[in-house]
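Visitor: Contents of model-v1.pdb (PDB, C-alpha atoms):
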```pdb
ATOM      1  CA  MET A  30       0.000   0.000   0.000  1.00  0.00           C
ATOM      2  CA  ALA A  31       1.568   3.300  -1.084  1.00  0.00           C
ATOM      3  CA  GLU A  32       1.748   6.091   1.461  1.00  0.00           C
ATOM      4  CA  LYS A  33      -0.441   9.081   0.708  1.00  0.00           C
ATOM      5  CA  ASP A  34       1.055  12.548   0.599  1.00  0.00           C
ATOM      6  CA  PRO A  35      -0.205  14.393   3.743  1.00  0.00           C
ATOM      7  CA  ALA A  36      -1.502  17.176   1.491  1.00  0.00           C
ATOM      8  CA  GLU A  37      -3.727  14.645  -0.340  1.00  0.00           C
ATOM      9  CA  SER A  38      -5.229  13.049   2.779  1.00  0.00           C
ATOM     10  CA  GLY A  39      -5.741  16.246   4.814  1.00  0.00           C
ATOM     11  CA  ARG A  40      -4.452  19.731   5.429  1.00  0.00           C
ATOM     12  CA  ARG A  41      -1.036  20.497   6.880  1.00  0.00           C
ATOM     13  CA  LEU A  42      -1.064  22.146  10.306  1.00  0.00           C
ATOM     14  CA  HIS A  43       1.571  24.392  11.809  1.00  0.00           C
ATOM     15  CA  VAL A  44       3.355  22.663  14.706  1.00  0.00           C
ATOM     16  CA  THR A  45       5.743  24.138  17.268  1.00  0.00           C
ATOM     17  CA  THR A  46       7.609  21.653  19.472  1.00  0.00           C
ATOM     18  CA  LEU A  47       9.782  22.246  22.526  1.00  0.00           C
ATOM     19  CA  LEU A  48      12.246  19.769  23.982  1.00  0.00           C
ATOM     20  CA  VAL A  49      12.184  20.741  27.669  1.00  0.00           C
ATOM     21  CA  ALA A  50      14.736  19.610  30.274  1.00  0.00           C
ATOM     22  CA  SER A  51      16.496  20.927  33.362  1.00  0.00           C
ATOM     23  CA  ARG A  52      18.899  23.845  32.899  1.00  0.00           C
ATOM     24  CA  ARG A  53      21.873  21.668  33.833  1.00  0.00           C
ATOM     25  CA  ALA A  54      20.916  18.868  31.434  1.00  0.00           C
ATOM     26  CA  LEU A  55      20.321  21.161  28.460  1.00  0.00           C
ATOM     27  CA  ASP A  56      23.346  23.355  29.238  1.00  0.00           C
ATOM     28  CA  ASN A  57      25.472  20.218  29.018  1.00  0.00           C
ATOM     29  CA  ALA A  58      23.761  18.792  25.923  1.00  0.00           C
ATOM     30  CA  LEU A  59      23.542  22.099  24.029  1.00  0.00           C
ATOM     31  CA  ALA A  60      27.282  22.726  24.098  1.00  0.00           C
ATOM     32  CA  GLU A  61      27.529  22.375  20.305  1.00  0.00           C
ATOM     33  CA  LEU A  62      24.017  21.601  19.117  1.00  0.00           C
ATOM     34  CA  GLY A  63      21.812  24.705  19.299  1.00  0.00           C
ATOM     35  CA  PHE A  64      20.307  27.556  21.256  1.00  0.00           C
ATOM     36  CA  ALA A  65      18.265  27.516  24.442  1.00  0.00           C
ATOM     37  CA  GLU A  66      14.787  28.921  24.977  1.00  0.00           C
ATOM     38  CA  GLU A  67      13.185  29.943  28.287  1.00  0.00           C
ATOM     39  CA  HIS A  68      10.111  27.958  29.302  1.00  0.00           C
ATOM     40  CA  ASP A  69       8.644  27.772  32.828  1.00  0.00           C
ATOM     41  CA  GLY A  70      12.003  28.299  34.533  1.00  0.00           C
ATOM     42  CA  ARG A  71      13.580  25.501  32.509  1.00  0.00           C
ATOM     43  CA  LEU A  72      15.441  25.573  29.232  1.00  0.00           C
ATOM     44  CA  ALA A  73      13.978  24.274  26.010  1.00  0.00           C
ATOM     45  CA  PHE A  74      15.073  23.652  22.440  1.00  0.00           C
ATOM     46  CA  LEU A  75      12.540  24.861  19.890  1.00  0.00           C
ATOM     47  CA  THR A  76      11.656  23.605  16.423  1.00  0.00           C
ATOM     48  CA  CYS A  77       8.601  24.138  14.251  1.00  0.00           C
ATOM     49  CA  SER A  78       7.183  22.957  10.952  1.00  0.00           C
ATOM     50  CA  HIS A  79       8.927  25.880   9.204  1.00  0.00           C
ATOM     51  CA  GLU A  80      12.349  24.352   9.996  1.00  0.00           C
ATOM     52  CA  GLU A  81      13.940  22.248   7.258  1.00  0.00           C
ATOM     53  CA  ASP A  82      14.428  19.199   9.518  1.00  0.00           C
ATOM     54  CA  CYS A  83      14.542  17.994  13.130  1.00  0.00           C
ATOM     55  CA  ASP A  84      18.146  16.721  13.177  1.00  0.00           C
ATOM     56  CA  ASP A  85      19.191  18.984  16.067  1.00  0.00           C
ATOM     57  CA  MET A  86      16.136  17.974  18.109  1.00  0.00           C
ATOM     58  CA  PHE A  87      16.910  14.269  17.669  1.00  0.00           C
ATOM     59  CA  ALA A  88      20.599  14.851  18.439  1.00  0.00           C
ATOM     60  CA  LEU A  89      19.605  16.529  21.716  1.00  0.00           C
ATOM     61  CA  ILE A  90      17.148  13.756  22.621  1.00  0.00           C
ATOM     62  CA  THR A  91      19.879  11.196  21.936  1.00  0.00           C
ATOM     63  CA  GLU A  92      22.391  13.113  24.062  1.00  0.00           C
ATOM     64  CA  LEU A  93      19.936  13.602  26.949  1.00  0.00           C
ATOM     65  CA  SER A  94      18.896   9.942  26.834  1.00  0.00           C
ATOM     66  CA  ALA A  95      22.526   8.762  26.744  1.00  0.00           C
ATOM     67  CA  ARG A  96      23.172  10.839  29.887  1.00  0.00           C
ATOM     68  CA  GLY A  97      20.122   9.361  31.645  1.00  0.00           C
ATOM     69  CA  GLU A  98      18.420  12.766  31.853  1.00  0.00           C
ATOM     70  CA  SER A  99      14.655  13.382  31.992  1.00  0.00           C
ATOM     71  CA  TRP A 100      13.125  15.358  29.141  1.00  0.00           C
ATOM     72  CA  GLU A 101       9.713  16.240  27.764  1.00  0.00           C
ATOM     73  CA  LEU A 102       8.320  17.149  24.346  1.00  0.00           C
ATOM     74  CA  GLN A 103       5.624  19.842  24.338  1.00  0.00           C
ATOM     75  CA  SER A 104       3.853  20.694  21.092  1.00  0.00           C
ATOM     76  CA  ARG A 105       1.373  23.325  20.019  1.00  0.00           C
ATOM     77  CA  ILE A 106      -0.541  22.426  16.867  1.00  0.00           C
ATOM     78  CA  ASP A 107      -2.344  25.415  15.376  1.00  0.00           C
ATOM     79  CA  ALA A 108      -5.573  23.743  14.223  1.00  0.00           C
ATOM     80  CA  GLU A 109      -7.339  26.867  12.945  1.00  0.00           C
ATOM     81  CA  ALA A 110      -7.599  30.546  13.773  1.00  0.00           C
ATOM     82  CA  GLY A 111      -8.320  30.782  17.495  1.00  0.00           C
ATOM     83  CA  ARG A 112      -7.817  27.039  18.227  1.00  0.00           C
ATOM     84  CA  ALA A 113      -4.755  24.972  19.071  1.00  0.00           C
ATOM     85  CA  ILE A 114      -4.009  21.456  20.265  1.00  0.00           C
ATOM     86  CA  TYR A 115      -1.410  21.268  23.031  1.00  0.00           C
ATOM     87  CA  GLN A 116       0.373  17.935  23.408  1.00  0.00           C
ATOM     88  CA  SER A 117       2.818  16.761  26.070  1.00  0.00           C
ATOM     89  CA  PHE A 118       4.963  13.634  25.886  1.00  0.00           C
ATOM     90  CA  ALA A 119       7.262  12.748  28.787  1.00  0.00           C
ATOM     91  CA  ARG A 120       9.021   9.558  29.839  1.00  0.00           C
ATOM     92  CA  TYR A 121       7.205   8.974  33.146  1.00  0.00           C
ATOM     93  CA  ARG A 122       3.707  10.236  32.231  1.00  0.00           C
ATOM     94  CA  PRO A 123       1.041   9.201  29.726  1.00  0.00           C
ATOM     95  CA  VAL A 124       0.895  11.287  26.556  1.00  0.00           C
ATOM     96  CA  GLU A 125      -1.596  14.175  26.918  1.00  0.00           C
ATOM     97  CA  ALA A 126      -3.400  16.428  24.460  1.00  0.00           C
ATOM     98  CA  VAL A 127      -5.747  19.369  25.002  1.00  0.00           C
ATOM     99  CA  ASP A 128      -7.833  21.047  22.286  1.00  0.00           C
ATOM    100  CA  ALA A 129      -8.206  24.658  23.430  1.00  0.00           C
ATOM    101  CA  VAL A 130      -9.452  28.057  22.377  1.00  0.00           C
ATOM    102  CA  VAL A 131      -6.506  30.441  21.994  1.00  0.00           C
ATOM    103  CA  GLU A 132      -7.014  34.084  22.824  1.00  0.00           C
ATOM    104  CA  ASP A 133      -5.047  36.545  20.731  1.00  0.00           C
ATOM    105  CA  GLU A 134      -2.323  37.903  22.978  1.00  0.00           C
ATOM    106  CA  GLN A 135      -2.355  41.649  23.175  1.00  0.00           C
ATOM    107  CA  GLU A 136       1.296  42.643  23.117  1.00  0.00           C
ATOM    108  CA  PRO A 137       2.191  46.226  23.953  1.00  0.00           C
ATOM    109  CA  GLU A 138       2.094  48.415  20.845  1.00  0.00           C
ATOM    110  CA  THR A 139       2.950  52.063  20.660  1.00  0.00           C
ATOM    111  CA  SER A 140       3.417  54.477  17.827  1.00  0.00           C
ATOM    112  CA  GLU A 141       7.016  54.764  19.051  1.00  0.00           C
ATOM    113  CA  THR A 142       7.714  51.134  18.111  1.00  0.00           C
ATOM    114  CA  PRO A 143       7.618  50.627  14.339  1.00  0.00           C
ATOM    115  CA  VAL A 144       7.379  47.077  13.005  1.00  0.00           C
ATOM    116  CA  TYR A 145      10.220  46.253  10.587  1.00  0.00           C
ATOM    117  CA  ASP A 146       9.752  43.815   7.700  1.00  0.00           C
ATOM    118  CA  ILE A 147      12.932  41.691   7.716  1.00  0.00           C
ATOM    119  CA  GLU A 148      12.339  40.656   4.116  1.00  0.00           C
ATOM    120  CA  THR A 149      13.144  44.158   2.916  1.00  0.00           C
ATOM    121  CA  VAL A 150      16.692  45.522   2.969  1.00  0.00           C
ATOM    122  CA  GLU A 151      15.555  48.686   4.750  1.00  0.00           C
ATOM    123  CA  GLY A 152      13.609  46.804   7.425  1.00  0.00           C
ATOM    124  CA  LEU A 153      16.441  44.367   8.115  1.00  0.00           C
ATOM    125  CA  GLN A 154      19.041  47.157   8.363  1.00  0.00           C
ATOM    126  CA  ALA A 155      16.825  49.209  10.696  1.00  0.00           C
ATOM    127  CA  LEU A 156      16.275  46.189  12.958  1.00  0.00           C
ATOM    128  CA  LYS A 157      20.028  45.492  13.054  1.00  0.00           C
ATOM    129  CA  ARG A 158      20.783  49.120  13.995  1.00  0.00           C
ATOM    130  CA  ILE A 159      18.387  48.991  16.951  1.00  0.00           C
ATOM    131  CA  LEU A 160      19.318  45.519  18.238  1.00  0.00           C
ATOM    132  CA  LYS A 161      23.094  45.992  17.974  1.00  0.00           C
ATOM    133  CA  ARG A 162      22.809  48.706  20.660  1.00  0.00           C
ATOM    134  CA  ILE A 163      21.464  46.368  23.355  1.00  0.00           C
ATOM    135  CA  GLU A 164      23.006  43.623  25.479  1.00  0.00           C
ATOM    136  CA  PRO A 165      21.379  40.207  24.874  1.00  0.00           C
ATOM    137  CA  ALA A 166      21.238  39.610  28.655  1.00  0.00           C
ATOM    138  CA  ASP A 167      19.043  42.722  29.030  1.00  0.00           C
ATOM    139  CA  ALA A 168      16.397  41.500  26.580  1.00  0.00           C
ATOM    140  CA  PHE A 169      14.288  38.556  25.460  1.00  0.00           C
ATOM    141  CA  ALA A 170      12.240  37.936  22.328  1.00  0.00           C
ATOM    142  CA  THR A 171       8.742  36.649  21.634  1.00  0.00           C
ATOM    143  CA  ILE A 172       7.629  35.264  18.291  1.00  0.00           C
ATOM    144  CA  ARG A 173       4.005  34.556  17.462  1.00  0.00           C
ATOM    145  CA  PRO A 174       2.344  33.365  14.252  1.00  0.00           C
ATOM    146  CA  GLY A 175       0.000  35.922  12.747  1.00  0.00           C
ATOM    147  CA  ARG A 176      -3.420  35.372  11.231  1.00  0.00           C
ATOM    148  CA  ASP A 177      -2.084  36.511   7.855  1.00  0.00           C
ATOM    149  CA  GLY A 178       0.343  33.562   7.705  1.00  0.00           C
ATOM    150  CA  ARG A 179       3.342  35.695   8.666  1.00  0.00           C
ATOM    151  CA  ALA A 180       5.014  35.811  12.065  1.00  0.00           C
ATOM    152  CA  THR A 181       5.712  38.758  14.370  1.00  0.00           C
ATOM    153  CA  ALA A 182       8.644  39.101  16.766  1.00  0.00           C
ATOM    154  CA  ARG A 183       9.045  41.556  19.601  1.00  0.00           C
ATOM    155  CA  VAL A 184      12.268  42.147  21.471  1.00  0.00           C
ATOM    156  CA  LEU A 185      11.497  43.311  25.003  1.00  0.00           C
ATOM    157  CA  ARG A 186      13.557  44.673  27.875  1.00  0.00           C
ATOM    158  CA  ARG A 187      13.763  42.234  30.799  1.00  0.00           C
ATOM    159  CA  GLY A 188      11.907  43.405  33.892  1.00  0.00           C
ATOM    160  CA  SER A 189       9.942  46.285  32.375  1.00  0.00           C
ATOM    161  CA  ARG A 190       8.775  44.275  29.310  1.00  0.00           C
ATOM    162  CA  ARG A 191       9.119  47.493  27.297  1.00  0.00           C
ATOM    163  CA  VAL A 192       9.198  46.794  23.548  1.00  0.00           C
ATOM    164  CA  ILE A 193      12.631  47.630  22.130  1.00  0.00           C
ATOM    165  CA  ALA A 194      11.912  46.528  18.558  1.00  0.00           C
ATOM    166  CA  ALA A 195       9.293  44.654  16.542  1.00  0.00           C
ATOM    167  CA  ALA A 196       9.647  42.789  13.255  1.00  0.00           C
ATOM    168  CA  THR A 197       7.644  40.657  10.841  1.00  0.00           C
ATOM    169  CA  GLY A 198       8.790  37.834   8.605  1.00  0.00           C
ATOM    170  CA  ALA A 199       7.510  34.936   6.545  1.00  0.00           C
ATOM    171  CA  ASP A 200       7.597  32.536   9.511  1.00  0.00           C
ATOM    172  CA  GLU A 201       8.961  31.947  13.022  1.00  0.00           C
ATOM    173  CA  SER A 202      12.057  30.112  11.824  1.00  0.00           C
ATOM    174  CA  THR A 203      13.147  33.024   9.630  1.00  0.00           C
ATOM    175  CA  LEU A 204      12.605  35.544  12.436  1.00  0.00           C
ATOM    176  CA  ARG A 205      14.510  33.398  14.968  1.00  0.00           C
ATOM    177  CA  GLY A 206      17.413  33.091  12.538  1.00  0.00           C
ATOM    178  CA  VAL A 207      17.617  36.846  11.919  1.00  0.00           C
ATOM    179  CA  ILE A 208      17.336  37.762  15.617  1.00  0.00           C
ATOM    180  CA  ARG A 209      19.951  35.155  16.590  1.00  0.00           C
ATOM    181  CA  GLU A 210      22.303  36.463  13.928  1.00  0.00           C
ATOM    182  CA  ILE A 211      22.108  39.925  15.526  1.00  0.00           C
ATOM    183  CA  LEU A 212      21.811  38.798  19.191  1.00  0.00           C
ATOM    184  CA  PRO A 213      23.351  35.286  19.308  1.00  0.00           C
ATOM    185  CA  ASN A 214      22.537  34.551  22.963  1.00  0.00           C
ATOM    186  CA  VAL A 215      19.111  36.154  23.286  1.00  0.00           C
ATOM    187  CA  MET A 216      16.476  34.011  25.005  1.00  0.00           C
ATOM    188  CA  PHE A 217      13.052  33.429  23.435  1.00  0.00           C
ATOM    189  CA  ASP A 218       9.785  33.297  25.383  1.00  0.00           C
ATOM    190  CA  VAL A 219       7.433  30.689  23.910  1.00  0.00           C
ATOM    191  CA  ALA A 220       3.660  30.286  24.569  1.00  0.00           C
ATOM    192  CA  MET A 221       3.213  26.506  24.780  1.00  0.00           C
ATOM    193  CA  LYS A 222       0.570  25.939  27.467  1.00  0.00           C
ATOM    194  CA  PRO A 223      -3.197  25.817  26.985  1.00  0.00           C
ATOM    195  CA  PRO A 224      -5.061  28.716  28.594  1.00  0.00           C
ATOM    196  CA  GLY A 225      -6.669  28.121  31.953  1.00  0.00           C
TER     197      GLY A 225
END
```
Write out the structure in this file as structure tokens.
Guide:
Amino acid sequence: MAEKDPAESGRRLHVTTLLVASRRALDNALAELGFAEEHDGRLAFLTCSHEEDCDDMFALITELSARGESWELQSRIDAEAGRAIYQSFARYRPVEAVDAVVEDEQEPETSETPVYDIETVEGLQALKRILKRIEPADAFATIRPGRDGRATARVLRRGSRRVIAAATGADESTLRGVIREILPNVMFDVAMKPPG
């Protein structure tokens, strides 16, 4: 029996997946494999369906497993506008999934914070000028998919949560890559839990 192309048997959904482990475990395993993300006081490695492959994720799982460390996979599957399925898979728990209504997050917007399109030369250069003036330890970034199919990133000051810069791009992966190129050690805040 030939396998059907997923596009023929149904529609493709956007999926974001975090590999979550203790800070010590991921600090050790991430030495040469990737970047860390902040998630509930732990570190996480992020991938999504916009990435080309999951090689780094599997390399980290292999490394964590070889060290005898505990880890968890958390996924957010964007089912449709305003709905997402949250899934959790951990070694010592049954797999869980929750279908939930997702409220649009209202991020702070001001007329003082223009949104730069990183796919234009002008927008990318303007974003670089702003972000090169800050210390990565003083900031964190959020990236959210937009209803128009594009993604929006905001770089915020730690503590005050004041928006330093905002940008749009084709998808989360592209935005993460651009921000990491400018601020290599910046942490990303990721919304991966169902509301409530």
Visitor: Using 6 Å as the limit and counting only C-alpha atoms, can you tabulate each residue of region 124-196 of chain A that touches region 103-112 of chain A, with its shortest atom-to-atom distance in Å and the two atoms involved, as CSV?
Guide:
```
residue,atom,partner,partner_atom,distance
A:Ala129,CA,A:Arg112,CA,5.7
A:Val130,CA,A:Arg112,CA,4.6
A:Val131,CA,A:Gly111,CA,4.9
```
Visitor: Taking only C-alpha atoms into account, which of A:Ser94, A:Thr171, A:Ser78, A:Thr46 comes nearest Gln116 (chain A)?
Guide: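 Using only C-alpha atoms, Gln116 (chain A) sits closest to A:Thr46.
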Visitor: I'd like the residues picked by the PyMOL selection byres ((chain A and resi 204-210) around 9) written out as a PyMOL selection string, using the chain letters and numbers from the file.
Guide: chain A and resi 64+147+153+156-157+160+170+172+180-182+184+196-203+211-215+217
Visitor: Quick one: of A:Pro143, A:Arg186, A:Ala155, A:Leu75, who's nearest to Phe87 (chain A), counting all atoms listed in the file?
Guide: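 Answer, going by the shortest atom-to-atom distance: A:Leu75.
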Visitor: Anything within 12 Å of (12.2, 44.6, 31.8): list those residues as a ChimeraX atom specification, counting only C-alpha atoms and sticking to the file's coordinates.
Guide: /A:166-170,184-193
Visitor: Just how far from CA of Arg179 (chain A) is CA of Gln154 (chain A), in Å to one decimal?
Guide: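 These two atoms are separated by 19.4 Å.
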Visitor: Which distance in Å separates CA of Arg122 (chain A) and CA of Asp82 (chain A), to one decimal?
Guide: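 Taking CA of Arg122 (chain A) and CA of Asp82 (chain A), their separation equals 26.7 Å.
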Visitor: What gap, in Å, lies between CA of Glu141 (chain A) and CA of Ile159 (chain A)?
Guide: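 Distance between the two atoms: 12.9 Å.
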Visitor: Which residue is closest to Asp85 (chain A)? Choose from A:Phe118, A:Pro165, A:Arg183, A:Leu47 and count all atoms listed in the file.
Guide: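 Nearest candidate to Asp85 (chain A) out of A:Phe118, A:Pro165, A:Arg183, A:Leu47: A:Leu47.
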Visitor: In terms of the shortest atom-to-atom distance over only C-alpha atoms, which of A:Ile114, A:Val127, A:Ala194, A:Ala119 is closest to Ser99 (chain A)?
Guide: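 Nearest candidate to Ser99 (chain A) out of A:Ile114, A:Val127, A:Ala194, A:Ala119: A:Ala119.
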Visitor: For region 102-120 of chain A of the block above, can you save C-alpha atoms as a CSV table (one decimal), in the first residue's frame?
Guide:
```
chain,number,residue,atom,x,y,z
A,102,LEU,CA,8.3,17.1,24.3
A,103,GLN,CA,5.6,19.8,24.3
A,104,SER,CA,3.9,20.7,21.1
A,105,ARG,CA,1.4,23.3,20.0
A,106,ILE,CA,-0.5,22.4,16.9
A,107,ASP,CA,-2.3,25.4,15.4
A,108,ALA,CA,-5.6,23.7,14.2
A,109,GLU,CA,-7.3,26.9,12.9
A,110,ALA,CA,-7.6,30.5,13.8
A,111,GLY,CA,-8.3,30.8,17.5
A,112,ARG,CA,-7.8,27.0,18.2
A,113,ALA,CA,-4.8,25.0,19.1
A,114,ILE,CA,-4.0,21.5,20.3
A,115,TYR,CA,-1.4,21.3,23.0
A,116,GLN,CA,0.4,17.9,23.4
A,117,SER,CA,2.8,16.8,26.1
A,118,PHE,CA,5.0,13.6,25.9
A,119,ALA,CA,7.3,12.7,28.8
A,120,ARG,CA,9.0,9.6,29.8
```
